[in-house]
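Novice: Contents of query.cif (mmCIF, N, CA and C atoms and all ligand atoms) are below:
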data_data
#
loop_
_atom_site.label_atom_id
_atom_site.label_comp_id
_atom_site.auth_asym_id
_atom_site.auth_seq_id
_atom_site.Cartn_x
_atom_site.Cartn_y
_atom_site.Cartn_z
N MET A 165 -6.99 -1.26 -6.69
CA MET A 165 -6.01 -0.83 -7.68
C MET A 165 -6.69 -0.50 -9.01
N ILE A 166 -7.45 -1.44 -9.53
CA ILE A 166 -8.18 -1.19 -10.76
C ILE A 166 -9.55 -0.64 -10.39
N ASP A 167 -9.77 0.60 -10.76
CA ASP A 167 -10.96 1.27 -10.29
C ASP A 167 -11.70 1.93 -11.45
N THR A 168 -12.77 1.31 -11.89
CA THR A 168 -13.57 1.95 -12.95
C THR A 168 -14.88 2.45 -12.39
N LEU A 169 -15.22 2.03 -11.20
CA LEU A 169 -16.51 2.42 -10.63
C LEU A 169 -16.62 3.94 -10.51
N SER A 170 -15.52 4.56 -10.16
CA SER A 170 -15.54 6.01 -9.94
C SER A 170 -15.62 6.80 -11.24
N VAL A 171 -15.42 6.15 -12.38
CA VAL A 171 -15.39 6.92 -13.62
C VAL A 171 -16.63 6.72 -14.48
N GLY A 172 -17.52 5.84 -14.09
CA GLY A 172 -18.78 5.72 -14.80
C GLY A 172 -18.72 4.95 -16.10
N GLY A 173 -17.70 4.16 -16.30
CA GLY A 173 -17.65 3.29 -17.48
C GLY A 173 -17.34 4.02 -18.77
N LYS A 174 -17.43 3.26 -19.83
CA LYS A 174 -17.05 3.75 -21.15
C LYS A 174 -17.91 4.95 -21.59
N ALA A 175 -19.21 4.89 -21.31
CA ALA A 175 -20.11 5.95 -21.78
C ALA A 175 -19.68 7.31 -21.27
N ALA A 176 -19.28 7.38 -20.01
CA ALA A 176 -18.84 8.66 -19.44
C ALA A 176 -17.51 9.09 -20.02
N ALA A 177 -16.65 8.11 -20.30
CA ALA A 177 -15.32 8.44 -20.80
C ALA A 177 -15.37 8.86 -22.26
N ALA A 178 -16.38 8.38 -22.98
CA ALA A 178 -16.44 8.58 -24.43
C ALA A 178 -16.57 10.04 -24.84
N THR A 179 -16.69 10.94 -23.86
CA THR A 179 -16.70 12.37 -24.20
C THR A 179 -15.31 12.82 -24.63
N GLY A 180 -14.29 12.03 -24.27
CA GLY A 180 -12.94 12.35 -24.73
C GLY A 180 -12.61 11.49 -25.94
N GLY A 181 -11.94 12.05 -26.93
CA GLY A 181 -11.57 11.27 -28.10
C GLY A 181 -12.70 11.22 -29.12
N SER A 182 -12.43 10.67 -30.28
CA SER A 182 -13.40 10.70 -31.36
C SER A 182 -14.41 9.57 -31.26
N ALA A 183 -15.63 9.81 -31.77
CA ALA A 183 -16.68 8.81 -31.73
C ALA A 183 -16.26 7.56 -32.50
N ALA A 184 -15.49 7.75 -33.56
CA ALA A 184 -15.03 6.61 -34.37
C ALA A 184 -14.18 5.66 -33.53
N PHE A 185 -13.51 6.21 -32.56
CA PHE A 185 -12.72 5.38 -31.66
C PHE A 185 -13.62 4.53 -30.78
N TRP A 186 -14.58 5.17 -30.13
CA TRP A 186 -15.42 4.48 -29.15
C TRP A 186 -16.34 3.44 -29.77
N GLU A 187 -16.66 3.64 -31.06
CA GLU A 187 -17.49 2.64 -31.75
C GLU A 187 -16.80 1.29 -31.81
N GLN A 188 -15.48 1.29 -31.69
CA GLN A 188 -14.73 0.04 -31.83
C GLN A 188 -14.33 -0.55 -30.49
N VAL A 189 -14.95 -0.05 -29.44
CA VAL A 189 -14.61 -0.51 -28.10
C VAL A 189 -15.83 -1.19 -27.46
N ARG A 190 -15.60 -2.36 -26.89
CA ARG A 190 -16.69 -3.08 -26.23
C ARG A 190 -16.34 -3.30 -24.76
N GLU A 191 -17.27 -2.97 -23.89
CA GLU A 191 -17.03 -3.18 -22.47
C GLU A 191 -17.20 -4.65 -22.12
N VAL A 192 -16.17 -5.23 -21.55
CA VAL A 192 -16.23 -6.62 -21.10
C VAL A 192 -15.78 -6.61 -19.65
N GLY A 193 -16.71 -6.77 -18.75
CA GLY A 193 -16.38 -6.60 -17.34
C GLY A 193 -15.90 -5.17 -17.15
N SER A 194 -14.78 -5.01 -16.50
CA SER A 194 -14.26 -3.65 -16.31
C SER A 194 -13.29 -3.28 -17.43
N CYS A 195 -12.99 -4.23 -18.31
CA CYS A 195 -12.09 -3.92 -19.42
C CYS A 195 -12.86 -3.37 -20.61
N TRP A 196 -12.20 -2.53 -21.36
CA TRP A 196 -12.76 -2.00 -22.59
C TRP A 196 -11.94 -2.58 -23.71
N ILE A 197 -12.52 -3.56 -24.38
CA ILE A 197 -11.76 -4.32 -25.37
C ILE A 197 -11.85 -3.67 -26.75
N TRP A 198 -10.69 -3.47 -27.34
CA TRP A 198 -10.60 -2.89 -28.67
C TRP A 198 -10.95 -3.93 -29.72
N GLU A 199 -11.90 -3.60 -30.59
CA GLU A 199 -12.32 -4.56 -31.61
C GLU A 199 -11.93 -4.10 -33.01
N GLY A 200 -11.20 -3.03 -33.10
CA GLY A 200 -10.75 -2.54 -34.41
C GLY A 200 -9.49 -3.26 -34.86
N SER A 201 -8.76 -2.62 -35.75
CA SER A 201 -7.57 -3.28 -36.30
C SER A 201 -6.47 -3.39 -35.25
N GLN A 202 -5.57 -4.34 -35.49
CA GLN A 202 -4.51 -4.60 -34.54
C GLN A 202 -3.15 -4.61 -35.21
N ARG A 203 -2.15 -4.30 -34.43
CA ARG A 203 -0.78 -4.51 -34.88
C ARG A 203 -0.04 -5.13 -33.72
N ARG A 204 0.69 -6.17 -33.99
CA ARG A 204 1.26 -7.01 -32.94
C ARG A 204 0.10 -7.39 -32.02
N ARG A 205 0.26 -7.24 -30.73
CA ARG A 205 -0.83 -7.69 -29.87
C ARG A 205 -1.75 -6.54 -29.48
N TYR A 206 -1.45 -5.34 -29.97
CA TYR A 206 -2.18 -4.17 -29.51
C TYR A 206 -3.12 -3.61 -30.56
N GLY A 207 -4.16 -2.93 -30.07
CA GLY A 207 -5.09 -2.28 -30.97
C GLY A 207 -4.45 -1.07 -31.64
N ARG A 208 -4.89 -0.79 -32.88
CA ARG A 208 -4.40 0.39 -33.59
C ARG A 208 -5.58 1.29 -33.89
N PHE A 209 -5.43 2.55 -33.65
CA PHE A 209 -6.43 3.52 -34.07
C PHE A 209 -5.69 4.60 -34.82
N ARG A 210 -6.07 4.80 -36.12
CA ARG A 210 -5.27 5.66 -36.99
C ARG A 210 -3.82 5.23 -36.86
N ASP A 211 -2.90 6.14 -36.57
CA ASP A 211 -1.50 5.72 -36.51
C ASP A 211 -1.02 5.46 -35.09
N LEU A 212 -1.96 5.37 -34.16
CA LEU A 212 -1.56 5.25 -32.76
C LEU A 212 -1.96 3.92 -32.17
N ALA A 213 -1.27 3.54 -31.10
CA ALA A 213 -1.72 2.40 -30.32
C ALA A 213 -3.03 2.82 -29.66
N ALA A 214 -4.05 1.98 -29.77
CA ALA A 214 -5.39 2.34 -29.28
C ALA A 214 -5.38 2.67 -27.79
N HIS A 215 -4.64 1.90 -27.00
CA HIS A 215 -4.67 2.16 -25.56
C HIS A 215 -3.97 3.48 -25.21
N ARG A 216 -2.96 3.85 -26.00
CA ARG A 216 -2.29 5.14 -25.77
C ARG A 216 -3.24 6.28 -26.14
N TYR A 217 -3.97 6.09 -27.23
CA TYR A 217 -4.93 7.10 -27.65
C TYR A 217 -5.96 7.34 -26.53
N ALA A 218 -6.50 6.26 -26.00
CA ALA A 218 -7.51 6.38 -24.94
C ALA A 218 -6.93 7.09 -23.73
N TYR A 219 -5.74 6.69 -23.36
CA TYR A 219 -5.12 7.28 -22.17
C TYR A 219 -4.92 8.79 -22.35
N GLU A 220 -4.39 9.16 -23.51
CA GLU A 220 -4.08 10.57 -23.74
C GLU A 220 -5.33 11.43 -23.87
N HIS A 221 -6.41 10.85 -24.39
CA HIS A 221 -7.62 11.66 -24.56
C HIS A 221 -8.47 11.71 -23.31
N ILE A 222 -8.36 10.75 -22.45
CA ILE A 222 -9.23 10.73 -21.28
C ILE A 222 -8.50 11.13 -20.01
N ARG A 223 -7.30 10.67 -19.87
CA ARG A 223 -6.60 10.98 -18.63
C ARG A 223 -5.61 12.14 -18.82
N SER A 224 -4.46 11.86 -19.37
CA SER A 224 -3.50 12.95 -19.56
C SER A 224 -2.43 12.51 -20.52
N GLU A 225 -1.53 13.42 -20.81
CA GLU A 225 -0.43 13.08 -21.69
C GLU A 225 0.46 12.02 -21.06
N ILE A 226 1.04 11.19 -21.91
CA ILE A 226 1.97 10.18 -21.41
C ILE A 226 3.36 10.83 -21.39
N PRO A 227 4.00 10.84 -20.22
CA PRO A 227 5.33 11.46 -20.16
C PRO A 227 6.27 10.84 -21.18
N PRO A 228 7.11 11.65 -21.82
CA PRO A 228 8.02 11.14 -22.87
C PRO A 228 8.85 9.96 -22.39
N GLY A 229 8.97 8.97 -23.25
CA GLY A 229 9.82 7.83 -22.92
C GLY A 229 9.14 6.75 -22.10
N LEU A 230 7.91 7.00 -21.67
CA LEU A 230 7.25 5.98 -20.86
C LEU A 230 6.30 5.13 -21.70
N GLU A 231 6.13 3.89 -21.26
CA GLU A 231 5.17 2.98 -21.90
C GLU A 231 3.99 2.83 -20.97
N LEU A 232 2.85 2.41 -21.54
CA LEU A 232 1.69 2.16 -20.69
C LEU A 232 1.65 0.68 -20.33
N ASP A 233 1.62 0.43 -19.05
CA ASP A 233 1.54 -0.95 -18.57
C ASP A 233 0.08 -1.30 -18.33
N HIS A 234 -0.35 -2.46 -18.83
CA HIS A 234 -1.72 -2.90 -18.59
C HIS A 234 -1.80 -3.58 -17.23
N LEU A 235 -2.43 -2.94 -16.28
CA LEU A 235 -2.58 -3.54 -14.95
C LEU A 235 -3.48 -4.77 -15.02
N CYS A 236 -4.35 -4.80 -16.03
CA CYS A 236 -5.30 -5.91 -16.16
C CYS A 236 -4.73 -7.04 -17.01
N GLU A 237 -3.48 -6.87 -17.54
CA GLU A 237 -2.83 -7.92 -18.33
C GLU A 237 -3.58 -8.25 -19.62
N THR A 238 -4.36 -7.31 -20.12
CA THR A 238 -5.12 -7.54 -21.35
C THR A 238 -4.67 -6.53 -22.40
N PRO A 239 -3.80 -6.96 -23.33
CA PRO A 239 -3.22 -6.00 -24.27
C PRO A 239 -4.25 -5.21 -25.08
N LEU A 240 -5.41 -5.80 -25.36
CA LEU A 240 -6.40 -5.11 -26.18
C LEU A 240 -7.31 -4.19 -25.37
N CYS A 241 -7.10 -4.15 -24.06
CA CYS A 241 -7.92 -3.28 -23.24
C CYS A 241 -7.47 -1.84 -23.40
N VAL A 242 -8.45 -0.92 -23.60
CA VAL A 242 -8.10 0.49 -23.75
C VAL A 242 -8.64 1.32 -22.60
N ASN A 243 -9.08 0.67 -21.53
CA ASN A 243 -9.57 1.39 -20.36
C ASN A 243 -8.38 2.13 -19.71
N PRO A 244 -8.41 3.48 -19.78
CA PRO A 244 -7.22 4.20 -19.29
C PRO A 244 -6.97 4.02 -17.79
N TRP A 245 -8.00 3.57 -17.06
CA TRP A 245 -7.80 3.34 -15.64
C TRP A 245 -7.19 1.97 -15.37
N HIS A 246 -6.97 1.22 -16.44
CA HIS A 246 -6.25 -0.04 -16.32
C HIS A 246 -4.80 0.13 -16.77
N LEU A 247 -4.45 1.38 -17.10
CA LEU A 247 -3.13 1.64 -17.67
C LEU A 247 -2.32 2.53 -16.75
N GLU A 248 -1.04 2.25 -16.71
CA GLU A 248 -0.17 3.05 -15.87
C GLU A 248 1.14 3.31 -16.61
N PRO A 249 1.56 4.58 -16.72
CA PRO A 249 2.82 4.85 -17.41
C PRO A 249 4.01 4.35 -16.59
N VAL A 250 4.83 3.56 -17.22
CA VAL A 250 6.03 3.04 -16.56
C VAL A 250 7.20 3.11 -17.54
N THR A 251 8.41 2.99 -17.02
CA THR A 251 9.55 2.92 -17.92
C THR A 251 9.56 1.55 -18.57
N SER A 252 10.23 1.45 -19.68
CA SER A 252 10.32 0.19 -20.40
C SER A 252 10.91 -0.91 -19.52
N ALA A 253 11.93 -0.57 -18.75
CA ALA A 253 12.58 -1.56 -17.89
C ALA A 253 11.62 -2.08 -16.82
N GLU A 254 10.84 -1.16 -16.28
CA GLU A 254 9.86 -1.54 -15.25
C GLU A 254 8.80 -2.46 -15.85
N ASN A 255 8.38 -2.16 -17.06
CA ASN A 255 7.37 -2.95 -17.75
C ASN A 255 7.86 -4.38 -17.93
N ILE A 256 9.10 -4.52 -18.38
CA ILE A 256 9.68 -5.85 -18.58
C ILE A 256 9.79 -6.59 -17.25
N ARG A 257 10.22 -5.86 -16.23
CA ARG A 257 10.38 -6.48 -14.92
C ARG A 257 9.04 -7.02 -14.40
N ARG A 258 7.99 -6.19 -14.54
CA ARG A 258 6.68 -6.61 -14.06
C ARG A 258 6.17 -7.85 -14.79
N ARG A 259 6.30 -7.81 -16.13
CA ARG A 259 5.88 -8.95 -16.93
C ARG A 259 6.57 -10.21 -16.43
N SER A 260 7.89 -10.09 -16.25
CA SER A 260 8.69 -11.25 -15.92
C SER A 260 8.29 -11.86 -14.60
N VAL A 261 8.04 -11.02 -13.61
CA VAL A 261 7.72 -11.51 -12.28
C VAL A 261 6.42 -12.31 -12.30
N ASN A 262 5.45 -11.83 -13.06
CA ASN A 262 4.13 -12.48 -13.05
C ASN A 262 4.06 -13.74 -13.89
N GLN A 263 4.95 -13.87 -14.86
CA GLN A 263 4.82 -14.96 -15.82
C GLN A 263 5.29 -16.29 -15.26
N THR A 264 4.44 -17.29 -15.34
CA THR A 264 4.86 -18.63 -14.97
C THR A 264 5.01 -19.49 -16.22
N HIS A 265 4.37 -19.02 -17.32
CA HIS A 265 4.44 -19.74 -18.59
C HIS A 265 4.65 -18.72 -19.70
N CYS A 266 5.29 -19.13 -20.79
CA CYS A 266 5.43 -18.23 -21.91
C CYS A 266 4.10 -18.17 -22.65
N LYS A 267 4.01 -17.32 -23.67
CA LYS A 267 2.72 -17.16 -24.33
C LYS A 267 2.29 -18.42 -25.08
N HIS A 268 3.21 -19.33 -25.31
CA HIS A 268 2.84 -20.59 -25.94
C HIS A 268 2.59 -21.69 -24.92
N GLY A 269 2.60 -21.33 -23.65
CA GLY A 269 2.25 -22.30 -22.62
C GLY A 269 3.36 -23.16 -22.09
N HIS A 270 4.62 -22.88 -22.50
CA HIS A 270 5.73 -23.64 -21.94
C HIS A 270 6.05 -23.08 -20.55
N PRO A 271 6.40 -23.95 -19.62
CA PRO A 271 6.68 -23.46 -18.26
C PRO A 271 7.94 -22.60 -18.21
N LEU A 272 7.84 -21.48 -17.53
CA LEU A 272 9.02 -20.64 -17.34
C LEU A 272 9.66 -21.01 -16.01
N SER A 273 10.20 -22.21 -16.00
CA SER A 273 10.86 -22.69 -14.80
C SER A 273 11.79 -23.83 -15.18
N GLY A 274 12.61 -24.25 -14.23
CA GLY A 274 13.50 -25.39 -14.45
C GLY A 274 14.39 -25.21 -15.66
N ASP A 275 14.57 -26.28 -16.42
CA ASP A 275 15.47 -26.27 -17.57
C ASP A 275 15.00 -25.38 -18.70
N ASN A 276 13.71 -25.11 -18.74
CA ASN A 276 13.19 -24.34 -19.86
C ASN A 276 13.36 -22.83 -19.67
N LEU A 277 13.74 -22.43 -18.46
CA LEU A 277 13.87 -21.01 -18.17
C LEU A 277 15.29 -20.50 -18.38
N TYR A 278 15.38 -19.41 -19.10
CA TYR A 278 16.67 -18.77 -19.32
C TYR A 278 16.51 -17.32 -18.91
N VAL A 279 17.33 -16.87 -17.97
CA VAL A 279 17.22 -15.48 -17.50
C VAL A 279 18.25 -14.63 -18.22
N TRP A 280 17.73 -13.70 -19.00
CA TRP A 280 18.56 -12.86 -19.82
C TRP A 280 18.91 -11.57 -19.07
N ARG A 281 20.18 -11.24 -18.98
CA ARG A 281 20.66 -10.05 -18.30
C ARG A 281 20.10 -9.93 -16.88
N GLY A 282 19.91 -11.08 -16.27
CA GLY A 282 19.51 -11.09 -14.88
C GLY A 282 18.10 -10.62 -14.60
N LYS A 283 17.31 -10.30 -15.64
CA LYS A 283 15.96 -9.85 -15.34
C LYS A 283 14.89 -10.35 -16.30
N MET A 284 15.23 -10.54 -17.57
CA MET A 284 14.20 -10.94 -18.51
C MET A 284 14.14 -12.45 -18.61
N ARG A 285 12.97 -13.01 -18.35
CA ARG A 285 12.82 -14.45 -18.35
C ARG A 285 12.40 -14.94 -19.74
N VAL A 286 13.21 -15.80 -20.30
CA VAL A 286 13.00 -16.23 -21.68
C VAL A 286 12.71 -17.73 -21.71
N CYS A 287 11.76 -18.13 -22.58
CA CYS A 287 11.43 -19.54 -22.76
C CYS A 287 12.45 -20.17 -23.71
N ARG A 288 13.16 -21.16 -23.26
CA ARG A 288 14.17 -21.81 -24.10
C ARG A 288 13.56 -22.50 -25.33
N THR A 289 12.43 -23.14 -25.14
CA THR A 289 11.78 -23.85 -26.25
C THR A 289 11.44 -22.88 -27.38
N CYS A 290 10.82 -21.76 -27.02
CA CYS A 290 10.44 -20.78 -28.02
C CYS A 290 11.67 -20.11 -28.63
N ASN A 291 12.65 -19.87 -27.79
CA ASN A 291 13.87 -19.23 -28.26
C ASN A 291 14.54 -20.11 -29.32
N ARG A 292 14.60 -21.42 -29.03
CA ARG A 292 15.18 -22.38 -29.98
C ARG A 292 14.40 -22.35 -31.28
N ALA A 293 13.08 -22.32 -31.18
CA ALA A 293 12.24 -22.33 -32.37
C ALA A 293 12.48 -21.07 -33.20
N ARG A 294 12.64 -19.92 -32.50
CA ARG A 294 12.89 -18.66 -33.21
C ARG A 294 14.23 -18.71 -33.93
N VAL A 295 15.22 -19.25 -33.27
CA VAL A 295 16.56 -19.34 -33.87
C VAL A 295 16.51 -20.26 -35.10
N ALA A 296 15.83 -21.38 -34.97
CA ALA A 296 15.72 -22.34 -36.09
C ALA A 296 15.00 -21.70 -37.27
N GLU A 297 13.97 -20.93 -36.96
CA GLU A 297 13.20 -20.28 -38.02
C GLU A 297 14.06 -19.25 -38.75
N TYR A 298 14.84 -18.53 -37.96
CA TYR A 298 15.73 -17.52 -38.53
C TYR A 298 16.78 -18.18 -39.42
N ALA A 299 17.35 -19.29 -38.94
CA ALA A 299 18.36 -20.00 -39.71
C ALA A 299 17.78 -20.52 -41.01
N ALA A 300 16.55 -21.02 -40.96
CA ALA A 300 15.89 -21.55 -42.15
C ALA A 300 15.65 -20.46 -43.17
N ARG A 301 15.25 -19.27 -42.66
CA ARG A 301 15.01 -18.15 -43.54
C ARG A 301 16.29 -17.73 -44.24
N LYS A 302 17.35 -17.69 -43.46
CA LYS A 302 18.66 -17.30 -44.01
C LYS A 302 19.10 -18.29 -45.08
N ALA A 303 18.92 -19.59 -44.78
CA ALA A 303 19.32 -20.64 -45.71
C ALA A 303 18.53 -20.53 -47.00
N GLY A 304 17.27 -20.07 -46.87
CA GLY A 304 16.42 -19.94 -48.05
C GLY A 304 16.75 -18.73 -48.89
N GLY A 305 17.73 -17.96 -48.47
CA GLY A 305 18.15 -16.83 -49.28
C GLY A 305 17.48 -15.52 -48.89
N ARG A 306 16.53 -15.57 -47.98
CA ARG A 306 15.90 -14.35 -47.52
C ARG A 306 15.72 -14.35 -46.02
ZN ZN B 401 -8.46 -3.79 -18.70
ZN ZN B 402 7.67 -21.09 -25.04
#
Show how you would write the structure in this file as structure tokens.

Specialist:
Amino acid sequence: MIDTLSVGGKAAAATGGSAAFWEQVREVGSCWIWEGSQRRRYGRFRDLAAHRYAYEHIRSEIPPGLELDHLCETPLCVNPWHLEPVTSAENIRRRSVNQTHCKHGHPLSGDNLYVWRGKMRVCRTCNRARVAEYAARKAGGR
């Protein structure tokens, strides 16, 4: 499924896109990890998500309305052969199926699991914390 052997690694791919982009990418195993600036969990290059930039310059345009799913589960990876355009709903579904723990390490099972709209798996502990934080902010006047 994940196939970088046929593409010759980052050096071969670096003919697409700007040199300033590739200077900020480090090969780690088969992943190409973005070491530049970040926004949320993803790399940023100029005004674009770094992984989208890589995909569009090396492989092809991303069809309108689609998101790139990281097959390698590494948000900072910009290897376009680790990326696959999917619909937003499909992306959420895939994430949910694979997750056994939330990003803070709480188990997504038993009492702690809340299934939202029958498909999105939500951590109750984190959800409670988010709600409490929101309430505190509101109480503080902002
Ligand atoms: Zn990767
Ligand atoms: Zn959690």

Novice: Using only C-alpha atoms and all ligand atoms, which residue out of A:Val242, A:Val250, A:Ile222, A:Ala213 lies closest to ligand ZN 401 (chain B)?

Specialist: A:Val242

Novice: Please give me, as number ranges by chain, the residues lying within 7 Å of ligand ZN 402 (chain B) when counting all atoms listed in the file.

Specialist: A: 265-271, 286-291

Novice: Could the centre and edge lengths of an axis-aligned box, enclosing all atoms of range 218-228 of chain A in the file with 5 Å extra on each side, be given in Å to one decimal as JSON?

Specialist:
{"center_x": -0.2, "center_y": 9.8, "center_z": -22.3, "size_x": 28.1, "size_y": 17.2, "size_z": 17.4}

Novice: Please find the residues contacting ligand ZN 401 (chain B) at a distance of at most 8 Å between atoms, with all atoms listed in the file counted, and report them as a JSON list (two decimals) with N, CA and C atoms, in the coordinates of the input.

Specialist:
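Written out: out30.json:
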[["chain", "number", "residue", "atom", "x", "y", "z"],
["A", 192, "VAL", "N", -16.17, -5.23, -21.55],
["A", 192, "VAL", "CA", -16.23, -6.62, -21.10],
["A", 192, "VAL", "C", -15.78, -6.61, -19.65],
["A", 193, "GLY", "N", -16.71, -6.77, -18.75],
["A", 193, "GLY", "CA", -16.38, -6.60, -17.34],
["A", 193, "GLY", "C", -15.90, -5.17, -17.15],
["A", 194, "SER", "N", -14.78, -5.01, -16.50],
["A", 194, "SER", "CA", -14.26, -3.65, -16.31],
["A", 194, "SER", "C", -13.29, -3.28, -17.43],
["A", 195, "CYS", "N", -12.99, -4.23, -18.31],
["A", 195, "CYS", "CA", -12.09, -3.92, -19.42],
["A", 195, "CYS", "C", -12.86, -3.37, -20.61],
["A", 196, "TRP", "N", -12.20, -2.53, -21.36],
["A", 196, "TRP", "CA", -12.76, -2.00, -22.59],
["A", 196, "TRP", "C", -11.94, -2.58, -23.71],
["A", 197, "ILE", "N", -12.52, -3.56, -24.38],
["A", 197, "ILE", "CA", -11.76, -4.32, -25.37],
["A", 197, "ILE", "C", -11.85, -3.67, -26.75],
["A", 234, "HIS", "N", -0.35, -2.46, -18.83],
["A", 234, "HIS", "CA", -1.72, -2.90, -18.59],
["A", 234, "HIS", "C", -1.80, -3.58, -17.23],
["A", 235, "LEU", "N", -2.43, -2.94, -16.28],
["A", 235, "LEU", "CA", -2.58, -3.54, -14.95],
["A", 235, "LEU", "C", -3.48, -4.77, -15.02],
["A", 236, "CYS", "N", -4.35, -4.80, -16.03],
["A", 236, "CYS", "CA", -5.30, -5.91, -16.16],
["A", 236, "CYS", "C", -4.73, -7.04, -17.01],
["A", 237, "GLU", "N", -3.48, -6.87, -17.54],
["A", 237, "GLU", "CA", -2.83, -7.92, -18.33],
["A", 237, "GLU", "C", -3.58, -8.25, -19.62],
["A", 238, "THR", "N", -4.36, -7.31, -20.12],
["A", 238, "THR", "CA", -5.12, -7.54, -21.35],
["A", 238, "THR", "C", -4.67, -6.53, -22.40],
["A", 239, "PRO", "N", -3.80, -6.96, -23.33],
["A", 239, "PRO", "CA", -3.22, -6.00, -24.27],
["A", 239, "PRO", "C", -4.25, -5.21, -25.08],
["A", 240, "LEU", "N", -5.41, -5.80, -25.36],
["A", 240, "LEU", "CA", -6.40, -5.11, -26.18],
["A", 240, "LEU", "C", -7.31, -4.19, -25.37],
["A", 241, "CYS", "N", -7.10, -4.15, -24.06],
["A", 241, "CYS", "CA", -7.92, -3.28, -23.24],
["A", 241, "CYS", "C", -7.47, -1.84, -23.40],
["A", 242, "VAL", "N", -8.45, -0.92, -23.60],
["A", 242, "VAL", "CA", -8.10, 0.49, -23.75],
["A", 242, "VAL", "C", -8.64, 1.32, -22.60],
["A", 243, "ASN", "N", -9.08, 0.67, -21.53],
["A", 243, "ASN", "CA", -9.57, 1.39, -20.36],
["A", 243, "ASN", "C", -8.38, 2.13, -19.71],
["A", 244, "PRO", "N", -8.41, 3.48, -19.78],
["A", 244, "PRO", "CA", -7.22, 4.20, -19.29],
["A", 244, "PRO", "C", -6.97, 4.02, -17.79],
["A", 245, "TRP", "N", -8.00, 3.57, -17.06],
["A", 245, "TRP", "CA", -7.80, 3.34, -15.64],
["A", 245, "TRP", "C", -7.19, 1.97, -15.37],
["A", 246, "HIS", "N", -6.97, 1.22, -16.44],
["A", 246, "HIS", "CA", -6.25, -0.04, -16.32],
["A", 246, "HIS", "C", -4.80, 0.13, -16.77],
["A", 247, "LEU", "N", -4.45, 1.38, -17.10],
["A", 247, "LEU", "CA", -3.13, 1.64, -17.67],
["A", 247, "LEU", "C", -2.32, 2.53, -16.75]]

Novice: Determine, counting only C-alpha atoms, which protein, DNA and RNA residues have an atom within 12 Å of an atom of Val189 in chain A; residues of the same chain fewer than 5 positions away are not included. Present the result as a PyMOL selection string.

Specialist: chain A and resi 173-175+177-178+182-184+195-201+207-209+214-215+218+240-243

Novice: Quick one: distance from CA of Asn255 in chain A to CA of Met284 in chain A in Å, one decimal?

Specialist: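 Between CA of Asn255 in chain A and CA of Met284 in chain A the gap is 10.5 Å.
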
Novice: So the first atom is atom N of Ala296 in chain A and the second is CA of Glu254 in chain A; what is the distance between them in Å, to one decimal place?

Specialist: 28.6 Å

Novice: Output as number ranges by chain all residues of range 179-208 of chain A that backbone DSSP marks as strand (DSSP E or B).

Specialist: A: 189-192, 195-198, 202-203, 206-208

Novice: Nearest residue to Ile256 in chain A out of A:Gly304, A:Asp275, A:Leu230, A:Arg285, using all atoms listed in the file?

Specialist: A:Arg285

Novice: Could you tell me how far CA of Gly229 in chain A lies from CA of Pro249 in chain A, in Å and to one decimal?

Specialist: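 Between these atoms lies a distance of 9.4 Å.
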